[in-house]
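For reference, the structure discussed in these notes is given below.
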Amino acid sequence: MPRSCASFLLVLALPLAADEGTWLLNQFPTDAVKQKYNFDVTGQFLDNLRVASVRIGGGSGAFVSSTGLLLTNQHLITGCLTRLSDKQHDYLKDGFYASSQQSEAPCDGLEAKVLAGMEDVTKQVKGAAKDGAPAAQALQQRNAAIAKIEQDCAGKTRDKCSVVKLFSGGRYDLYQYKTYTDLRLVFAPENDLAFFGRTRDSITYLRYGLDIAFLRAYENGKPADTPHFLKWSSEGVKDNDLVFSLGNPAPTMRGATSAQLTFYRDTQLPIAVSRLQSRIKTLGDYASQSPQNLQAAEPVLSSILTSYKADAGLLIGLRDDRLVARKTNFEGKIRRAVLADPKLGADANKVWDDVSTAYKNWAPSEKPYQIVEELPAPGSRLFRIARQIVRGESSDSADIPPSNEAIEITLITEYLDELKTLGDKDAPVKAILNGKSSKEAAEALVKSSKLNDPTERRNLAANHDAALKSEDGMIRLAVMLDEPGRRLRKKHEEIIGSLETSAAEKIAQYRFKLFGTSDYPDATGTPRIKFGVVKGYIDRADVAMPAQSTFGGLYYRRDNQGPNQVPQGGVDLKASLNLSVPLDFVSTCDIGGGDPGSPTVNRNGELVGITFDGNLESLPDVYLYSDEQARAVQVSVEGIVEALQKVYQSTGLLQELERGAGR
């Protein structure tokens, strides 16, 4: 067998060992699923899942009735709940249920998009770039072709059309979306139940959240006719069941090199985690001083905790030597295949060495880059607003809540201490402090700022020259750090920014040339289908995690307080619930950001759950998938029915789901 062919087969065989892949609907690995699970995934199965699924609110969802009823996550429509609330009704806190279609409430600005069609337009896009044209000109010609393709499609179909770049330009597909712009709220549970455990439990497992919401799509003032919908499973799931999920996963970096992963593991993420961890301690100390401090600090602390958990999860995964070793091994096989291909060869193989050198050269600049430019003053709302105004990026909104002065002073004090570790080489520290201590300087900067005033923000944003000359303390701080930040960003772009993009594109295109449609492209925030099994795991603490959690888990937390508080209705009706009914479950489906709200179906195409999160161990999947511990977390349809029937007594909604009130 020729060397290049042998290398190709060796690499190609690797993904089949796990339930890996954010697969295109027109490029699903039916043979692999047949081989591993003895199940034929038909075109009809995929088409029905496609036209029943939607993209909504930055996530996903699905039609579950023929009259436009949609199921998604509560956390994806919190904006709607907040806008609908008034002094008499807090629908985010207390939940919402429309007992009739007449009482369904409009979610203005929310849209649901169904992928109505796909077409390969690679020839049209690539053919638009003339042979031998300079790179910039070729890009311009391809972009012009894409714009025309989208315009022609929209004019012909009256739908929204988008050309999706796949395999970093190895292929282009035209996606046609039918869009529903009139969405009305039907049901959402209380936030304490939807987000049970809040940020403390997020991206962990076991989970006990009822993170669901029902909406209805309308057309011409009437419920939409949606004959393609997902029927409700009457059986739920059990361990090792094969399931499929269709969502819109956020961009992944599966083409990242081992040198990049080493840089993230040893340099970028440790700096980011340490900085966030320090803020968590600072805010925690402040919050512990009084109930008022706790109330003021909680929103900022929750936001920082979310970022911390995401970065910490990535770091934990990358510190697993097995992941980096797998990546290095897989990368070596691709490089050998590239080297053996006469159309690619040694010059193409050099891209990995270029990336490695670039990251080694950049590493010493990562800390000042993060502190001055990428994430300055974490948690400070005033500094974020000030930088936006200084850089002409302000999208001021009158409904931005005012920041707490004491918290701002606390956070800016810590930020100035951070800047002092850099020195004047990377930031004008002496000019910023002006002879004061960090705390004294922070107090002066914050107390002289008027950025909590919406009128002041608008005035400064409308007159950039006046903003740059403003005596507002936070504006002055942003001005003093503006040029150092831009300088570091320029250095970042010159050393690794442009190379990172070009290397990713080259590696993706090499893989596409080698493997073609037997490989899947990185996620792009567009519809993808995943498959896997319902399966527990052994977590990082060597604790066995079951595949399913039950209603009983809602009530075992001591005192039913804080983030683990069951709404009073759930407490009052506890005796009527079957506490052994599954509430949430996990699967090996290869999900990512953008997948929350995605429907999960069984072999019959019946709905068995809805994704709302991933566990901590799934976060490194952005770089490399592993089904050993990474899991998608779904709300079980059995749990949804138990809650709708016994807690919310929403008989009409149950009947529409074709389940009926009696189980």
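By order of appearance in the structure tokens: chains A, B, ..., then residues from 1 within every chain, and ligands from 1 in the order shown.
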Please list as a list in words every residue within 9 Å of Gly221 in chain A, counting only C-alpha atoms and excluding residues in the same chain fewer than 3 positions away. Asp182, Tyr218 and Ala224 of chain A
Just list as a PyMOL selection string whatever in range 221-339 of chain A DSSP marks as strand (DSSP E). chain A and resi 222-223+242-247
Print the selection's residues with C-alpha atoms to a file, as a short mmCIF file (atom, residue, chain, number, x, y, z; two decimals), in the first residue's frame.
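See result_1.cif below for the written result:
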data_model
loop_
_atom_site.label_atom_id
_atom_site.label_comp_id
_atom_site.auth_asym_id
_atom_site.auth_seq_id
_atom_site.Cartn_x
_atom_site.Cartn_y
_atom_site.Cartn_z
CA LYS A 222 -52.33 32.80 13.74
CA PRO A 223 -50.42 29.84 15.19
CA LEU A 242 -28.49 5.80 21.28
CA VAL A 243 -29.56 9.45 20.94
CA PHE A 244 -29.15 12.26 18.41
CA SER A 245 -29.04 16.01 19.01
CA LEU A 246 -29.33 18.91 16.58
CA GLY A 247 -28.09 22.34 17.61
#
Identify, on the basis of only C-alpha atoms, every residue whose closest approach to Asp320 in chain A does not exceed 12 Å; exclude the query and any residue fewer than 4 positions from it along the same chain; express the result as a PDB file with C-alpha atoms, in the first residue's frame.
ATOM      1  CA  LEU A 261      -2.558  23.711  23.429  1.00  0.00           C
ATOM      2  CA  THR A 262       0.729  23.814  25.331  1.00  0.00           C
ATOM      3  CA  ARG A 265      -2.154  25.191  29.232  1.00  0.00           C
ATOM      4  CA  GLY A 313     -12.530  23.768  32.967  1.00  0.00           C
ATOM      5  CA  LEU A 314     -10.359  24.309  29.913  1.00  0.00           C
ATOM      6  CA  LEU A 315      -7.229  24.333  32.044  1.00  0.00           C
ATOM      7  CA  ILE A 316      -8.198  21.179  33.927  1.00  0.00           C
ATOM      8  CA  VAL A 324      -2.428  16.611  24.889  1.00  0.00           C
ATOM      9  CA  ALA A 325      -0.795  13.256  24.094  1.00  0.00           C
ATOM     10  CA  ARG A 326      -3.774  12.293  21.922  1.00  0.00           C
ATOM     11  CA  LYS A 327      -3.585  15.632  20.164  1.00  0.00           C
ATOM     12  CA  ARG A 540     -12.231  13.821  38.205  1.00  0.00           C
ATOM     13  CA  GLU A 617     -15.157  17.967  31.703  1.00  0.00           C
ATOM     14  CA  PRO A 620     -11.897  21.172  26.592  1.00  0.00           C
ATOM     15  CA  LEU A 624     -10.340  17.952  21.257  1.00  0.00           C
ATOM     16  CA  SER A 626     -13.234  12.798  24.404  1.00  0.00           C
ATOM     17  CA  GLN A 629     -15.818  12.088  30.917  1.00  0.00           C
TER      18      GLN A 629
END
Any idea what's packed within 12 Å of range 653-658 of chain A, counting only C-alpha atoms, ignoring anything in its chain fewer than 3 positions away? Could you give it as number ranges by chain? A: 63-71, 97-101, 186-188, 213-216, 229-234, 606-607, 637-638, 640-646, 648-650, 661-663
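Taking CA of Leu174 in chain A and CA of Cys153 in chain A as the two end points, the separation is 8.7 Å.
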Selection near Glu393 in chain A, 12 Å with only C-alpha atoms, sequence-local residues under 4 positions removed, as a ChimeraX atom specification: /A:384-389,460-462,464
Can you write out the residues you just picked, keeping C-alpha atoms, as a JSON list (two decimals), in the first residue's frame?
[["chain", "number", "residue", "atom", "x", "y", "z"],
["A", 384, "ARG", "CA", -15.80, 48.71, 30.37],
["A", 385, "ILE", "CA", -18.07, 51.66, 29.52],
["A", 386, "ALA", "CA", -15.12, 54.08, 29.60],
["A", 387, "ARG", "CA", -13.07, 52.00, 27.17],
["A", 388, "GLN", "CA", -16.01, 51.66, 24.79],
["A", 389, "ILE", "CA", -16.45, 55.44, 24.76],
["A", 460, "LEU", "CA", -19.58, 61.50, 25.87],
["A", 461, "ALA", "CA", -20.35, 58.81, 23.31],
["A", 462, "ALA", "CA", -21.77, 61.43, 20.93],
["A", 464, "HIS", "CA", -15.50, 61.66, 20.86]]
Distance query Pro582 in chain A at most 7 Å, only C-alpha atoms, self and fewer than 2 positions along chain excluded, as JSON, numbers by chain: {"A": [548, 549, 550, 551, 580, 584, 636, 638, 639]}
Near range 498-504 of chain A, 8 Å: range 349-406 of chain A residue rows, closest pairs, only C-alpha atoms, as a tab-separated table:
residue	atom	partner	partner_atom	distance
A:Val351	CA	A:Ala503	CA	6.3
A:Trp352	CA	A:Ala503	CA	7.7
A:Val355	CA	A:Leu499	CA	7.1
Print the selection's residues with N, CA and C atoms to a file, as a compact mmCIF listing (two decimals), in the first residue's frame.
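What ended up in out31.txt:
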# COMPACT_ATOMS: atom_id res chain seq x y z
N VAL A 351 3.99 24.38 8.44
CA VAL A 351 3.08 25.26 9.14
C VAL A 351 3.07 24.98 10.64
N TRP A 352 3.19 23.72 11.05
CA TRP A 352 3.19 23.39 12.48
C TRP A 352 4.41 23.96 13.19
N VAL A 355 3.96 27.74 13.73
CA VAL A 355 3.07 28.02 14.86
C VAL A 355 3.81 27.85 16.18
For Phe167 in chain A: contacts at 7 Å, only C-alpha atoms, fewer than 5 positions along chain excluded, given as a list in words: Ala508, Gln509, Phe512, Pro521 and Asp522 of chain A
Quick one: distance from CA of Ala467 in chain A to CA of Val446 in chain A in Å, one decimal? 16.2 Å
Alpha helix (DSSP H) call set, DSSP backbone run, range 65-180 of chain A, as a PyMOL selection string: chain A and resi 78-84+91-94+122-127+135-157
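A straight line drawn from CA of Asn349 in chain A to CA of Arg142 in chain A is 26.4 Å long.
Among A:Gly516, A:Asn404, A:Lys165, A:Asp572, the residue with the shortest atom-to-atom distance to Gln292 in chain A, counting only C-alpha atoms, is A:Asn404.
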